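K.L.:
If you scroll down you'll find the structure; I have some questions about it.
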2 protein chains.
Amino acid sequence: MATPKTAAFSETEQGLAAFAKALSHPARIAIMKILAQQEACICGEIVEILPLAQSTVSQHLKELKNAGLIDGSVDGPKSCYCINWKAFEKFNVDFNTLFSTLKTQDKNSCC
Amino acid sequence: MATPKTAAFSETEQGLAAFAKALSHPARIAIMKILAQQEACICGEIVEILPLAQSTVSQHLKELKNAGLIDGSVDGPKSCYCINWKAFEKFNVDFNTLFSTLKTQDKNSCC
DNA sequence: TAATTTTATCGTATTTGTACGATAAATGAA
DNA sequence: TTCATTTATCGTACAAATACGATAAAATTA
């Protein structure tokens, strides 16, 4: 059986992995860039910029939202998205912490 | 068709996404921790620590190696792995750059 | 009210990821 | 040489991700 063993790992490892997974597709990184650069973060504008179908973009937006990296609000018939900077920064800090912790612990004993 | 449109995105986006994908599984983050903490980075020791089959661990090691995050060398019948700090740091820097660039550009106009 | 616009969701097809057991290849030990 | 140890790879099964068209839901416009 290919049942995921996610639960067997620590909260920190799961959290960092979930964050990394949210940004593991170039389209989602592109969306984060667009959200930062555009004046109004309307779904339709993102669809126009990216070479993907509307439904696919909606799916990517949903994943970013589930990961907490972006927020979304309804504006009439349109949907407005923006970056959740607090969450984004938290993950960035967590990742930097992992990197520096590992580098400090490193024994550099083989290879 | 569900053919990936990876090629439609920029090199930077693809690179960051590939890096994130390599760390998008808790087992691979755990492996990075083990490689930093253990004196000798033998495959068999990693297998003993993680709740995964030997073949599964081997697969995860292969993915980390393909992403360039770790190096591997044969030591008799054993395999020794270690973190490729140059590559790991490069990705860490790239990611920090993305974060700070986006934050600088942010217009914070909606939501 | 009726038509248009916008977006989320559904259904579906295809690809990729995850996990395991079994096996092969390589090395060291008996 | 023969046997044991170690690890990578193969085959397989199932789960999840990716992508699209079609459609439903909600709100504005005519």
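Residues are named by chain letter and number: chains run A, B, ... in the order of the structure tokens, numbers start at 1 in each chain, and ligands are numbered from 1 in the order shown.
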Least-squares fit on all C-alpha atoms, paired in order: put chain B onto chain A and return it as a compact mmCIF listing (two decimals) with C-alpha atoms, in the first residue's frame.
P.N.:
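Final output, saved to selection.txt:
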# COMPACT_ATOMS: atom_id res chain seq x y z
CA MET B 1 0.06 0.10 -0.07
CA ALA B 2 1.16 3.59 -0.88
CA THR B 3 -0.48 5.17 2.14
CA PRO B 4 1.47 8.30 3.09
CA LYS B 5 3.33 8.12 6.39
CA THR B 6 3.15 11.82 6.97
CA ALA B 7 1.94 11.39 10.55
CA ALA B 8 5.11 9.55 11.49
CA PHE B 9 7.14 12.75 11.29
CA SER B 10 7.38 15.77 13.58
CA GLU B 11 5.14 18.83 13.41
CA THR B 12 8.03 20.97 12.27
CA GLU B 13 8.95 18.59 9.50
CA GLN B 14 5.34 18.36 8.38
CA GLY B 15 4.91 22.12 8.45
CA LEU B 16 8.03 22.86 6.46
CA ALA B 17 7.16 20.14 3.98
CA ALA B 18 3.64 21.52 3.52
CA PHE B 19 5.05 24.98 2.89
CA ALA B 20 7.55 23.64 0.40
CA LYS B 21 4.82 21.68 -1.33
CA ALA B 22 2.73 24.83 -1.75
CA LEU B 23 5.61 26.43 -3.64
CA SER B 24 6.68 23.29 -5.48
CA HIS B 25 5.03 24.30 -8.75
CA PRO B 26 6.33 27.12 -10.98
CA ALA B 27 2.78 28.36 -11.57
CA ARG B 28 2.31 28.98 -7.86
CA ILE B 29 5.58 30.86 -7.58
CA ALA B 30 4.51 32.92 -10.58
CA ILE B 31 1.19 33.62 -8.85
CA MET B 32 2.99 34.88 -5.76
CA LYS B 33 5.00 37.24 -7.97
CA ILE B 34 1.88 38.51 -9.68
CA LEU B 35 0.12 39.08 -6.38
CA ALA B 36 3.02 41.23 -5.22
CA GLN B 37 3.32 43.20 -8.44
CA GLN B 38 -0.26 43.79 -9.50
CA GLU B 39 -2.27 46.66 -8.13
CA ALA B 40 -5.48 44.64 -7.93
CA CYS B 41 -5.10 40.91 -7.37
CA ILE B 42 -8.09 39.73 -9.37
CA CYS B 43 -8.29 36.11 -10.37
CA GLY B 44 -9.14 36.98 -13.98
CA GLU B 45 -5.95 39.01 -14.40
CA ILE B 46 -3.85 36.10 -13.21
CA VAL B 47 -5.59 33.87 -15.73
CA GLU B 48 -4.71 36.31 -18.51
CA ILE B 49 -1.05 36.37 -17.54
CA LEU B 50 -0.50 32.65 -17.02
CA PRO B 51 -0.65 30.09 -19.85
CA LEU B 52 -3.18 28.01 -17.95
CA ALA B 53 -6.93 27.50 -18.03
CA GLN B 54 -9.12 29.41 -15.62
CA SER B 55 -10.04 26.30 -13.68
CA THR B 56 -6.41 25.32 -13.30
CA VAL B 57 -5.47 28.76 -11.95
CA SER B 58 -8.38 28.54 -9.53
CA GLN B 59 -7.03 25.22 -8.31
CA HIS B 60 -3.55 26.64 -7.73
CA LEU B 61 -5.03 29.61 -5.87
CA LYS B 62 -6.95 27.20 -3.68
CA GLU B 63 -3.80 25.31 -2.77
CA LEU B 64 -1.94 28.48 -1.88
CA LYS B 65 -4.91 29.52 0.23
CA ASN B 66 -5.06 26.15 1.98
CA ALA B 67 -1.38 26.49 2.80
CA GLY B 68 -2.16 29.88 4.31
CA LEU B 69 0.17 31.74 2.00
CA ILE B 70 -2.56 33.90 0.48
CA ASP B 71 -5.91 35.34 1.48
CA GLY B 72 -8.96 35.75 -0.70
CA SER B 73 -11.93 38.03 -0.54
CA VAL B 74 -15.01 38.28 -2.70
CA ASP B 75 -15.46 41.57 -4.55
CA GLY B 76 -18.75 41.43 -6.39
CA PRO B 77 -18.59 38.67 -8.94
CA LYS B 78 -14.81 38.87 -8.82
CA SER B 79 -12.32 37.37 -6.40
CA CYS B 80 -9.45 39.34 -4.94
CA TYR B 81 -6.36 37.57 -3.67
CA CYS B 82 -3.34 38.84 -1.81
CA ILE B 83 -0.28 37.50 -0.03
CA ASN B 84 -0.58 36.67 3.65
CA TRP B 85 2.70 38.27 4.64
CA LYS B 86 2.57 37.11 8.23
CA ALA B 87 2.36 33.46 7.18
CA PHE B 88 4.83 33.88 4.33
CA GLU B 89 7.37 35.47 6.63
CA LYS B 90 6.88 32.82 9.29
CA PHE B 91 7.65 30.09 6.80
CA ASN B 92 10.62 32.02 5.49
CA VAL B 93 11.99 32.37 9.02
CA ASP B 94 11.34 28.70 9.75
CA PHE B 95 13.22 27.74 6.66
CA ASN B 96 16.18 29.98 7.47
CA THR B 97 16.23 28.49 10.94
CA LEU B 98 16.38 24.99 9.52
CA PHE B 99 19.22 25.94 7.25
CA SER B 100 21.34 27.67 9.90
CA THR B 101 20.63 24.99 12.50
CA LEU B 102 21.74 22.24 10.18
CA LYS B 103 24.84 24.15 9.18
CA THR B 104 25.79 24.67 12.81
CA GLN B 105 25.26 21.02 13.69
CA ASP B 106 27.12 19.73 10.67
CA LYS B 107 30.04 17.50 11.49
CA ASN B 108 31.29 17.35 7.93
CA SER B 109 32.72 13.93 8.64
CA CYS B 110 32.26 12.15 5.35
CA CYS B 111 32.06 12.79 1.59
K.L.:
Any chance you could tabulate, as a Markdown table, the residues of chain D at most 7 Å from chain B with each one's nearest atom pair and distance in Å to one decimal, using only C-alpha atoms (C1' of nucleotides), in chain and rising number order?
P.N.:
| residue | atom | partner | partner_atom | distance |
| --- | --- | --- | --- | --- |
| D:DT6 | C1' | B:Pro77 | CA | 5.3 |
| D:DT7 | C1' | B:Lys78 | CA | 6.7 |
| D:DT18 | C1' | B:Ala2 | CA | 5.5 |
| D:DA19 | C1' | B:Ala2 | CA | 4.3 |
| D:DC20 | C1' | B:Met1 | CA | 6.9 |
K.L.:
Keeping only N, CA and C atoms (P, O5', C5', C4', C3', O3' and C1' of nucleotides), take the residues you just selected and write them out as a PDB file, in the first residue's frame.
P.N.:
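Final output, part_16.pdb:
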ATOM      1  P    DT D   6      25.212  -4.652   7.055  1.00  0.00           P
ATOM      2  O5'  DT D   6      25.045  -3.802   5.722  1.00  0.00           O
ATOM      3  C5'  DT D   6      26.204  -3.335   5.038  1.00  0.00           C
ATOM      4  C4'  DT D   6      25.817  -2.783   3.693  1.00  0.00           C
ATOM      5  C3'  DT D   6      24.565  -1.900   3.693  1.00  0.00           C
ATOM      6  O3'  DT D   6      24.940  -0.587   3.345  1.00  0.00           O
ATOM      7  C1'  DT D   6      24.572  -3.425   1.871  1.00  0.00           C
ATOM      8  P    DT D   7      23.935   0.644   3.398  1.00  0.00           P
ATOM      9  O5'  DT D   7      23.485   0.704   1.879  1.00  0.00           O
ATOM     10  C5'  DT D   7      24.482   0.884   0.871  1.00  0.00           C
ATOM     11  C4'  DT D   7      23.885   0.691  -0.492  1.00  0.00           C
ATOM     12  C3'  DT D   7      22.646   1.543  -0.790  1.00  0.00           C
ATOM     13  O3'  DT D   7      22.854   2.232  -1.994  1.00  0.00           O
ATOM     14  C1'  DT D   7      22.264  -0.694  -1.395  1.00  0.00           C
ATOM     15  P    DT D  18       0.875  19.944  -8.483  1.00  0.00           P
ATOM     16  O5'  DT D  18       0.279  19.770  -9.949  1.00  0.00           O
ATOM     17  C5'  DT D  18       1.029  19.035 -10.898  1.00  0.00           C
ATOM     18  C4'  DT D  18       0.271  18.955 -12.196  1.00  0.00           C
ATOM     19  C3'  DT D  18      -0.306  20.288 -12.687  1.00  0.00           C
ATOM     20  O3'  DT D  18       0.212  20.539 -13.983  1.00  0.00           O
ATOM     21  C1'  DT D  18      -1.908  18.548 -12.821  1.00  0.00           C
ATOM     22  P    DA D  19       0.088  21.990 -14.646  1.00  0.00           P
ATOM     23  O5'  DA D  19      -1.238  21.865 -15.511  1.00  0.00           O
ATOM     24  C5'  DA D  19      -1.207  21.053 -16.680  1.00  0.00           C
ATOM     25  C4'  DA D  19      -2.601  20.787 -17.174  1.00  0.00           C
ATOM     26  C3'  DA D  19      -3.477  22.024 -17.344  1.00  0.00           C
ATOM     27  O3'  DA D  19      -3.513  22.403 -18.714  1.00  0.00           O
ATOM     28  C1'  DA D  19      -4.680  20.127 -16.473  1.00  0.00           C
ATOM     29  P    DC D  20      -4.265  23.715 -19.164  1.00  0.00           P
ATOM     30  O5'  DC D  20      -5.687  23.139 -19.569  1.00  0.00           O
ATOM     31  C5'  DC D  20      -5.758  22.090 -20.527  1.00  0.00           C
ATOM     32  C4'  DC D  20      -7.157  21.508 -20.540  1.00  0.00           C
ATOM     33  C3'  DC D  20      -8.243  22.549 -20.716  1.00  0.00           C
ATOM     34  O3'  DC D  20      -8.779  22.472 -22.035  1.00  0.00           O
ATOM     35  C1'  DC D  20      -8.802  20.921 -19.020  1.00  0.00           C
TER      36       DC D  20
END
K.L.:
Counting only C-alpha atoms (C1' of nucleotides), what is within 12 Å of DA3 (chain C), bar same-chain residues fewer than 4 positions away, as a PDB file with C-alpha atoms (C1' of nucleotides), in the first residue's frame?
P.N.:
ATOM      1  C1'  DT D  28     -23.429  43.219 -11.990  1.00  0.00           C
ATOM      2  C1'  DT D  29     -25.458  45.184 -16.274  1.00  0.00           C
ATOM      3  C1'  DA D  30     -28.846  45.965 -19.800  1.00  0.00           C
TER       4       DA D  30
END
K.L.:
Among chain B, which ones does DSSP place in strand (DSSP E or B), written as a ChimeraX atom specification?
P.N.:
/B:42,70-75,78-83
K.L.:
Show me which bits of chain C are within 10 Å of chain A, counting only C-alpha atoms (C1' of nucleotides), as a PyMOL selection string.
P.N.:
chain C and resi 5-9+17-20
K.L.:
What's around DA4 (chain D) at 10 Å? Count only C-alpha atoms (C1' of nucleotides), leave out sequence neighbours fewer than 6 positions away in its own chain, and write the answer as a PyMOL selection string.
P.N.:
chain C and resi 28-30
K.L.:
Any chance you can output those residues with C-alpha atoms (C1' of nucleotides) as a compact mmCIF listing (two decimals), in the first residue's frame?
P.N.:
# COMPACT_ATOMS: atom_id res chain seq x y z
C1' DG C 28 33.97 -7.54 2.27
C1' DA C 29 34.41 -11.67 5.21
C1' DA C 30 34.81 -16.63 6.07
